[in-house]
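Asks: Here it is: the structure, laid out below.
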Amino acid sequence: EKLSALTVIAHNTFKETVRNRVMFNILLFAVGMVLVIMVISNWTMDQQAKILKDFGLAAISIFGLLIALFVGVRTIYQEIEKHTVFMLVSKPISRWQIIVGKYLGLAVTILVNIVAITLCLFAVDYFIEHSIDWGLLSGILLILLEIYLIIAFAVFFSTFTSPLLSAIFTLIIFVIGHLAPSIRLYTQLRPDDAGNSILLAIYTILPNLENFNIKTAVVEHIVLPPNTVANAVLYGVCYISILLVLTSWIFEKKDLK
């Protein structure tokens with residue numbers, strides 16, 4: 001019964017969010033690819049392939065972030081604003097099921113987008129190189145996981161603040177997450193600074209999103225240390241799970257009147 005409720009909520013969330021967004025994203029990506037091909041048409045094949053892969057991976061990451069910001073931050077807030085959440089909580093459905101179901105629906109939406117864009121990227125790669133660089137899949141997998149983590153933050157913030165503030169907070173998490181190695185390095189180079197304890201707390205609590213950034217390695221075919229991808233997947237899954245538990249707890253305590 002619990003699984004059925006999760007499935008229904010996830011399916012409804014998917015239908016609400018997908019609509020024309022998938023085709024719109026694919027169209028934008030395809031237009032971007034055509035423009036890039038036009039710009040680099042006189043370059044060597046190796047240069048063309050490298051630029052296309054760099055552009056493709058960056059585009060996947062950007063599209064995912066935009067979806068997280070424009071869709072994820074409204075997930076719970078709009079349910080409360082439209083009072084549709086009262087219909088859900090009046091049924092034999094736990095509040096944690098609403099959170100997890102909404103998150104799963106968004107996750108499927110993101111997956112559909114990324115699969116479609118990845119197919120476009122592979123099609124163009126085949127057109128340029130007459131082969132497909134399957135090594136890009138590991139980079140795309142970690143981009144997907146990073147987006148899932150950002151969505152988890154967006155849903156978390158949407159339970160207790162407005163969409164605008166949720167988007168701002170989520171974007172701050174994204175920026176700080178990619179600056180995490182620099183924050184750590186700064187505290188090591190300047191150990192006597194008064195603000196180091198705060199920086200170390202930020203570094204410890206917030207996610208290190210650079211764990212998911214292997215774009216350069218997969219494009220340049222650089223051999224990664226053993227278990228790099230596996231460790232990043234484990235890190236992401238654990239962080240997402242903790243966020244969903246915390247979000248469910250906050251939503252459980254929230255007064256919906």
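Within each chain, counting starts at residue 1; across the structure tokens, chains are named A, B, ... in the order shown, with ligands numbered 1 upward in that order.
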Env of Val73 of chain A: 6 Å cut, atoms = only C-alpha atoms, seq-sep filter 3 positions within chain, self excluded. Answer as a ChimeraX atom specification.

Replies: /A:69,154-155,158,163,166

Asks: Wanna dump the segment 49-167 of chain A-segment 211-232 of chain A contacts at 7 Å for me, each residue with its shortest atom pair and the distance in Å to one decimal, counting only C-alpha atoms, ordered by chain and number, as CSV?

Replies:
```
residue,atom,partner,partner_atom,distance
A:Lys50,CA,A:Val219,CA,6.5
A:Lys53,CA,A:Val219,CA,6.4
A:Asp54,CA,A:Val219,CA,6.9
A:Leu57,CA,A:Lys215,CA,6.8
A:Gly135,CA,A:Val218,CA,6.0
A:Leu136,CA,A:Val218,CA,5.7
A:Gly139,CA,A:Lys215,CA,5.7
A:Leu142,CA,A:Phe212,CA,5.0
A:Ile143,CA,A:Phe212,CA,6.3
A:Glu146,CA,A:Phe212,CA,6.3
```

Asks: Contacts of Ile67 of chain A at 10 Å or less, counting only C-alpha atoms, minus same-chain residues fewer than 5 places along, as a list in words?

Replies: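 Residues meeting the cut-off are Thr17, Arg21, Asn25, Ile62, Gly72, Val73, Leu106, Thr109, Ile110, Asn113, Ile147, Ile150 and Ile151 of chain A.
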
Asks: Pull C-alpha atoms from the residues just selected and write them as a PDB file, in the first residue's frame.

Replies:
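Result file follows (out.pdb):
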```
ATOM      1  CA  THR A  17       6.467  18.631 -14.333  1.00  0.00           C
ATOM      2  CA  ARG A  21       9.742  20.640 -20.852  1.00  0.00           C
ATOM      3  CA  ASN A  25      15.129  21.008 -23.482  1.00  0.00           C
ATOM      4  CA  ILE A  62      23.186  23.354 -16.643  1.00  0.00           C
ATOM      5  CA  GLY A  72      12.086  21.509  -7.532  1.00  0.00           C
ATOM      6  CA  VAL A  73      11.724  24.662  -5.434  1.00  0.00           C
ATOM      7  CA  LEU A 106      11.182  14.881 -10.080  1.00  0.00           C
ATOM      8  CA  THR A 109      11.642  13.842 -14.936  1.00  0.00           C
ATOM      9  CA  ILE A 110      15.347  14.629 -14.713  1.00  0.00           C
ATOM     10  CA  ASN A 113      15.598  14.798 -19.828  1.00  0.00           C
ATOM     11  CA  ILE A 147      21.462  17.029 -10.006  1.00  0.00           C
ATOM     12  CA  ILE A 150      20.577  19.556  -5.820  1.00  0.00           C
ATOM     13  CA  ILE A 151      16.918  18.586  -6.249  1.00  0.00           C
TER      14      ILE A 151
END
```

Asks: Write out as a VMD selection string each polymer residue whose atoms come within 12 Å of Ile168 of chain A, counting only C-alpha atoms; drop sequence neighbours fewer than 2 positions from it.

Replies: chain A and resid 68 to 70 73 153 to 154 157 to 158 161 to 166 170 to 175

Asks: Can I get the selected residues back with all heavy atoms, as a compact mmCIF listing (two decimals), in the first residue's frame?

Replies:
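To be explicit, this is the file written out as out-v1.txt:
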```txt
# COMPACT_ATOMS: atom_id res chain seq x y z
N ALA A 68 16.07 21.87 -11.55
CA ALA A 68 16.03 21.82 -10.08
C ALA A 68 15.56 23.15 -9.50
O ALA A 68 14.75 23.18 -8.56
CB ALA A 68 17.41 21.45 -9.53
N LEU A 69 16.04 24.25 -10.08
CA LEU A 69 15.69 25.57 -9.56
C LEU A 69 14.25 25.96 -9.88
O LEU A 69 13.54 26.46 -9.02
CB LEU A 69 16.64 26.63 -10.13
CG LEU A 69 18.09 26.58 -9.62
CD1 LEU A 69 18.93 27.63 -10.33
CD2 LEU A 69 18.14 26.82 -8.12
N PHE A 70 13.81 25.69 -11.12
CA PHE A 70 12.50 26.17 -11.54
C PHE A 70 11.36 25.21 -11.22
O PHE A 70 10.20 25.62 -11.21
CB PHE A 70 12.51 26.46 -13.04
CG PHE A 70 13.32 27.67 -13.41
CD1 PHE A 70 14.54 27.54 -14.05
CD2 PHE A 70 12.88 28.95 -13.09
CE1 PHE A 70 15.30 28.66 -14.37
CE2 PHE A 70 13.63 30.07 -13.41
CZ PHE A 70 14.85 29.92 -14.05
N VAL A 73 11.99 23.73 -6.54
CA VAL A 73 11.72 24.66 -5.43
C VAL A 73 10.24 24.92 -5.22
O VAL A 73 9.84 25.43 -4.17
CB VAL A 73 12.45 26.01 -5.67
CG1 VAL A 73 13.95 25.82 -5.69
CG2 VAL A 73 11.96 26.68 -6.95
N PHE A 153 18.01 19.19 -2.16
CA PHE A 153 18.11 20.46 -1.44
C PHE A 153 16.94 21.37 -1.79
O PHE A 153 16.38 22.05 -0.91
CB PHE A 153 19.42 21.16 -1.76
CG PHE A 153 20.56 20.80 -0.85
CD1 PHE A 153 21.59 19.98 -1.29
CD2 PHE A 153 20.60 21.27 0.45
CE1 PHE A 153 22.64 19.63 -0.44
CE2 PHE A 153 21.64 20.94 1.30
CZ PHE A 153 22.66 20.12 0.85
N ALA A 154 16.57 21.40 -3.08
CA ALA A 154 15.45 22.26 -3.49
C ALA A 154 14.15 21.84 -2.79
O ALA A 154 13.39 22.70 -2.32
CB ALA A 154 15.28 22.18 -5.01
N PHE A 157 14.36 22.88 0.98
CA PHE A 157 14.08 24.30 1.22
C PHE A 157 12.62 24.63 0.96
O PHE A 157 12.05 25.53 1.60
CB PHE A 157 14.99 25.18 0.37
CG PHE A 157 16.43 25.16 0.78
CD1 PHE A 157 17.43 24.88 -0.14
CD2 PHE A 157 16.80 25.41 2.09
CE1 PHE A 157 18.78 24.86 0.23
CE2 PHE A 157 18.14 25.38 2.48
CZ PHE A 157 19.12 25.11 1.55
N SER A 158 11.99 23.93 -0.01
CA SER A 158 10.61 24.25 -0.38
C SER A 158 9.61 23.91 0.72
O SER A 158 8.47 24.36 0.67
CB SER A 158 10.21 23.50 -1.66
OG SER A 158 10.01 22.13 -1.42
N THR A 161 10.13 27.52 3.10
CA THR A 161 10.33 28.89 2.64
C THR A 161 9.74 29.05 1.24
O THR A 161 9.26 28.09 0.63
CB THR A 161 11.82 29.27 2.64
OG1 THR A 161 11.95 30.67 2.38
CG2 THR A 161 12.59 28.50 1.58
N SER A 162 9.76 30.28 0.72
CA SER A 162 9.15 30.59 -0.58
C SER A 162 10.01 30.06 -1.72
O SER A 162 11.21 29.78 -1.55
CB SER A 162 8.99 32.10 -0.73
OG SER A 162 10.28 32.72 -0.84
N PRO A 163 9.42 29.91 -2.93
CA PRO A 163 10.19 29.44 -4.09
C PRO A 163 11.41 30.31 -4.39
O PRO A 163 12.46 29.79 -4.76
CB PRO A 163 9.18 29.49 -5.23
CG PRO A 163 7.86 29.29 -4.56
CD PRO A 163 7.98 30.01 -3.25
N LEU A 164 11.27 31.65 -4.25
CA LEU A 164 12.39 32.54 -4.54
C LEU A 164 13.56 32.26 -3.60
O LEU A 164 14.71 32.11 -4.04
CB LEU A 164 11.95 33.99 -4.44
CG LEU A 164 13.07 35.04 -4.65
CD1 LEU A 164 13.69 34.88 -6.03
CD2 LEU A 164 12.53 36.45 -4.46
N LEU A 165 13.27 32.22 -2.32
CA LEU A 165 14.33 31.95 -1.34
C LEU A 165 14.89 30.54 -1.50
O LEU A 165 16.09 30.32 -1.35
CB LEU A 165 13.81 32.16 0.08
CG LEU A 165 13.55 33.60 0.50
CD1 LEU A 165 12.96 33.65 1.90
CD2 LEU A 165 14.84 34.42 0.44
N SER A 166 14.02 29.58 -1.81
CA SER A 166 14.47 28.21 -2.04
C SER A 166 15.46 28.15 -3.20
O SER A 166 16.48 27.47 -3.13
CB SER A 166 13.27 27.29 -2.33
OG SER A 166 12.41 27.21 -1.23
N THR A 170 19.31 27.16 -2.83
CA THR A 170 19.78 26.02 -3.62
C THR A 170 20.96 26.41 -4.49
O THR A 170 21.94 25.66 -4.61
CB THR A 170 18.64 25.46 -4.50
OG1 THR A 170 17.53 25.10 -3.67
CG2 THR A 170 19.10 24.23 -5.26
N LEU A 171 20.88 27.59 -5.09
CA LEU A 171 21.98 28.08 -5.93
C LEU A 171 23.24 28.32 -5.09
O LEU A 171 24.35 28.02 -5.53
CB LEU A 171 21.56 29.37 -6.64
CG LEU A 171 22.52 29.91 -7.70
CD1 LEU A 171 22.74 28.88 -8.79
CD2 LEU A 171 21.98 31.21 -8.29
N ILE A 172 23.07 28.83 -3.87
CA ILE A 172 24.20 29.03 -2.97
C ILE A 172 24.86 27.69 -2.63
O ILE A 172 26.10 27.58 -2.62
CB ILE A 172 23.74 29.76 -1.68
CG1 ILE A 172 23.38 31.22 -1.99
CG2 ILE A 172 24.83 29.70 -0.61
CD1 ILE A 172 22.76 31.95 -0.83
N ILE A 173 24.04 26.68 -2.37
CA ILE A 173 24.57 25.34 -2.09
C ILE A 173 25.38 24.84 -3.29
O ILE A 173 26.47 24.27 -3.13
CB ILE A 173 23.42 24.35 -1.80
CG1 ILE A 173 22.71 24.73 -0.49
CG2 ILE A 173 23.94 22.92 -1.74
CD1 ILE A 173 23.55 24.54 0.75
N PHE A 174 24.86 25.07 -4.49
CA PHE A 174 25.54 24.63 -5.71
C PHE A 174 26.91 25.30 -5.84
O PHE A 174 27.91 24.64 -6.12
CB PHE A 174 24.67 24.95 -6.93
CG PHE A 174 25.28 24.55 -8.24
CD1 PHE A 174 25.20 23.24 -8.69
CD2 PHE A 174 25.92 25.49 -9.03
CE1 PHE A 174 25.77 22.87 -9.90
CE2 PHE A 174 26.49 25.14 -10.24
CZ PHE A 174 26.41 23.82 -10.69
N VAL A 175 26.94 26.61 -5.62
CA VAL A 175 28.19 27.37 -5.76
C VAL A 175 29.20 26.95 -4.69
O VAL A 175 30.36 26.64 -4.99
CB VAL A 175 27.93 28.88 -5.70
CG1 VAL A 175 29.25 29.66 -5.66
CG2 VAL A 175 27.09 29.33 -6.89
```

Asks: Please, what distance in Å, to one decimal, runs between atom CA of Glu210 of chain A and atom CA of Ser182 of chain A?

Replies: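 Atom-to-atom, atom CA of Glu210 of chain A and atom CA of Ser182 of chain A are spaced 10.3 Å apart.
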
Asks: Residues of segment 9-253 of chain A classed as helix (DSSP H, G or I) by DSSP on the backbone are to be reported as a PyMOL selection string.

Replies: chain A and resi 9-18+21-39+45-70+72-81+84-89+95-129+136-158+163-189+196-205+209-212+215-220+228-253

Asks: One decimal, in Å: what's the spacing between atom CA of Pro207 of chain A and atom CA of Ile176 of chain A?

Replies: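 Separating atom CA of Pro207 of chain A from atom CA of Ile176 of chain A is a distance of 8.4 Å.
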
Asks: Between A:Phe14, A:Tyr148, A:Phe251, A:Phe127, which one has atoms that come closest to Cys238 of chain A, using only C-alpha atoms?

Replies: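 Residue with the minimum atom-to-atom distance to Cys238 of chain A: A:Tyr148.
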
Asks: Quick one: residues within 10 Å of segment 190-202 of chain A, only C-alpha atoms, excluding same-chain residues fewer than 4 positions away - as an mmCIF file with all heavy atoms, in the first residue's frame?

Replies:
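Printed below is part-v9.cif as written:
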```cif
data_model
loop_
_atom_site.group_PDB
_atom_site.id
_atom_site.type_symbol
_atom_site.label_atom_id
_atom_site.label_comp_id
_atom_site.auth_asym_id
_atom_site.auth_seq_id
_atom_site.Cartn_x
_atom_site.Cartn_y
_atom_site.Cartn_z
ATOM 1 N N ILE A 176 28.750 26.925 -3.435
ATOM 2 C CA ILE A 176 29.647 26.555 -2.336
ATOM 3 C C ILE A 176 30.122 25.112 -2.495
ATOM 4 O O ILE A 176 31.288 24.800 -2.209
ATOM 5 C CB ILE A 176 28.950 26.750 -0.980
ATOM 6 C CG1 ILE A 176 28.688 28.232 -0.722
ATOM 7 C CG2 ILE A 176 29.800 26.173 0.157
ATOM 8 C CD1 ILE A 176 27.956 28.514 0.569
ATOM 9 N N GLY A 177 29.232 24.248 -2.962
ATOM 10 C CA GLY A 177 29.598 22.847 -3.153
ATOM 11 C C GLY A 177 30.748 22.664 -4.120
ATOM 12 O O GLY A 177 31.611 21.797 -3.928
ATOM 13 N N ALA A 180 34.126 23.839 -2.522
ATOM 14 C CA ALA A 180 34.545 23.105 -1.323
ATOM 15 C C ALA A 180 36.048 22.812 -1.279
ATOM 16 O O ALA A 180 36.688 23.053 -0.245
ATOM 17 C CB ALA A 180 33.745 21.805 -1.196
ATOM 18 N N ILE A 183 37.831 25.965 -0.382
ATOM 19 C CA ILE A 183 37.620 26.334 1.019
ATOM 20 C C ILE A 183 38.565 25.536 1.911
ATOM 21 O O ILE A 183 39.203 26.073 2.824
ATOM 22 C CB ILE A 183 36.154 26.080 1.427
ATOM 23 C CG1 ILE A 183 35.228 27.048 0.681
ATOM 24 C CG2 ILE A 183 35.978 26.224 2.945
ATOM 25 C CD1 ILE A 183 33.761 26.782 0.897
ATOM 26 N N ARG A 184 38.675 24.249 1.635
ATOM 27 C CA ARG A 184 39.566 23.390 2.422
ATOM 28 C C ARG A 184 41.021 23.823 2.270
ATOM 29 O O ARG A 184 41.772 23.893 3.257
ATOM 30 C CB ARG A 184 39.399 21.941 1.945
ATOM 31 C CG ARG A 184 40.306 20.934 2.648
ATOM 32 C CD ARG A 184 40.019 20.881 4.125
ATOM 33 N NE ARG A 184 40.789 19.834 4.784
ATOM 34 C CZ ARG A 184 40.874 19.678 6.087
ATOM 35 N NH1 ARG A 184 40.238 20.518 6.882
ATOM 36 N NH2 ARG A 184 41.584 18.709 6.605
ATOM 37 N N LEU A 185 41.410 24.139 1.043
ATOM 38 C CA LEU A 185 42.780 24.566 0.784
ATOM 39 C C LEU A 185 43.088 25.876 1.497
ATOM 40 O O LEU A 185 44.180 26.056 2.052
ATOM 41 C CB LEU A 185 43.001 24.715 -0.727
ATOM 42 C CG LEU A 185 44.399 25.148 -1.184
ATOM 43 C CD1 LEU A 185 45.449 24.133 -0.740
ATOM 44 C CD2 LEU A 185 44.438 25.335 -2.692
ATOM 45 N N TYR A 186 42.129 26.796 1.502
ATOM 46 C CA TYR A 186 42.322 28.091 2.156
ATOM 47 C C TYR A 186 42.584 27.903 3.650
ATOM 48 O O TYR A 186 43.469 28.552 4.225
ATOM 49 C CB TYR A 186 41.086 28.965 1.940
ATOM 50 C CG TYR A 186 41.167 30.314 2.612
ATOM 51 C CD1 TYR A 186 41.763 31.403 1.971
ATOM 52 C CD2 TYR A 186 40.652 30.507 3.898
ATOM 53 C CE1 TYR A 186 41.845 32.640 2.595
ATOM 54 C CE2 TYR A 186 40.724 31.742 4.520
ATOM 55 C CZ TYR A 186 41.325 32.803 3.859
ATOM 56 O OH TYR A 186 41.415 34.025 4.486
ATOM 57 N N LEU A 206 28.185 20.955 4.300
ATOM 58 C CA LEU A 206 27.656 21.049 2.939
ATOM 59 C C LEU A 206 28.367 20.057 2.018
ATOM 60 O O LEU A 206 29.512 19.676 2.261
ATOM 61 C CB LEU A 206 27.811 22.477 2.409
ATOM 62 C CG LEU A 206 27.054 23.553 3.183
ATOM 63 C CD1 LEU A 206 27.176 24.893 2.488
ATOM 64 C CD2 LEU A 206 25.585 23.172 3.346
ATOM 65 N N PRO A 207 27.701 19.635 0.949
ATOM 66 C CA PRO A 207 28.279 18.608 0.070
ATOM 67 C C PRO A 207 29.438 19.138 -0.762
ATOM 68 O O PRO A 207 29.450 20.310 -1.158
ATOM 69 C CB PRO A 207 27.101 18.230 -0.835
ATOM 70 C CG PRO A 207 26.264 19.474 -0.892
ATOM 71 C CD PRO A 207 26.363 20.063 0.497
#
```

Asks: Which neighbours of Lys253 of chain A fall inside 12 Å, counting only C-alpha atoms, when residues of the same chain fewer than 5 positions from it are skipped, and could you give them as a ChimeraX atom specification?

Replies: /A:95-96,159-160,246-248

Asks: Let me see the file: selected residues, N, CA and C atoms, as an mmCIF file, in the first residue's frame.

Replies:
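Below you can see again_38.cif, which holds the result:
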```
data_model
loop_
_atom_site.group_PDB
_atom_site.id
_atom_site.type_symbol
_atom_site.label_atom_id
_atom_site.label_comp_id
_atom_site.auth_asym_id
_atom_site.auth_seq_id
_atom_site.Cartn_x
_atom_site.Cartn_y
_atom_site.Cartn_z
ATOM 1 N N ARG A 95 3.155 11.649 5.649
ATOM 2 C CA ARG A 95 3.765 12.852 5.065
ATOM 3 C C ARG A 95 5.106 12.535 4.409
ATOM 4 N N TRP A 96 5.833 11.555 4.972
ATOM 5 C CA TRP A 96 7.112 11.196 4.359
ATOM 6 C C TRP A 96 6.896 10.613 2.969
ATOM 7 N N THR A 159 10.036 23.138 1.726
ATOM 8 C CA THR A 159 9.114 22.767 2.804
ATOM 9 C C THR A 159 8.928 23.883 3.827
ATOM 10 N N PHE A 160 9.839 24.859 3.847
ATOM 11 C CA PHE A 160 9.708 25.886 4.888
ATOM 12 C C PHE A 160 9.969 27.311 4.415
ATOM 13 N N LEU A 246 15.577 14.202 6.691
ATOM 14 C CA LEU A 246 15.452 15.493 7.371
ATOM 15 C C LEU A 246 14.256 16.281 6.838
ATOM 16 N N THR A 247 14.082 16.261 5.511
ATOM 17 C CA THR A 247 12.952 16.963 4.895
ATOM 18 C C THR A 247 11.627 16.366 5.358
ATOM 19 N N SER A 248 11.555 15.052 5.409
ATOM 20 C CA SER A 248 10.341 14.374 5.856
ATOM 21 C C SER A 248 10.032 14.726 7.306
#
```
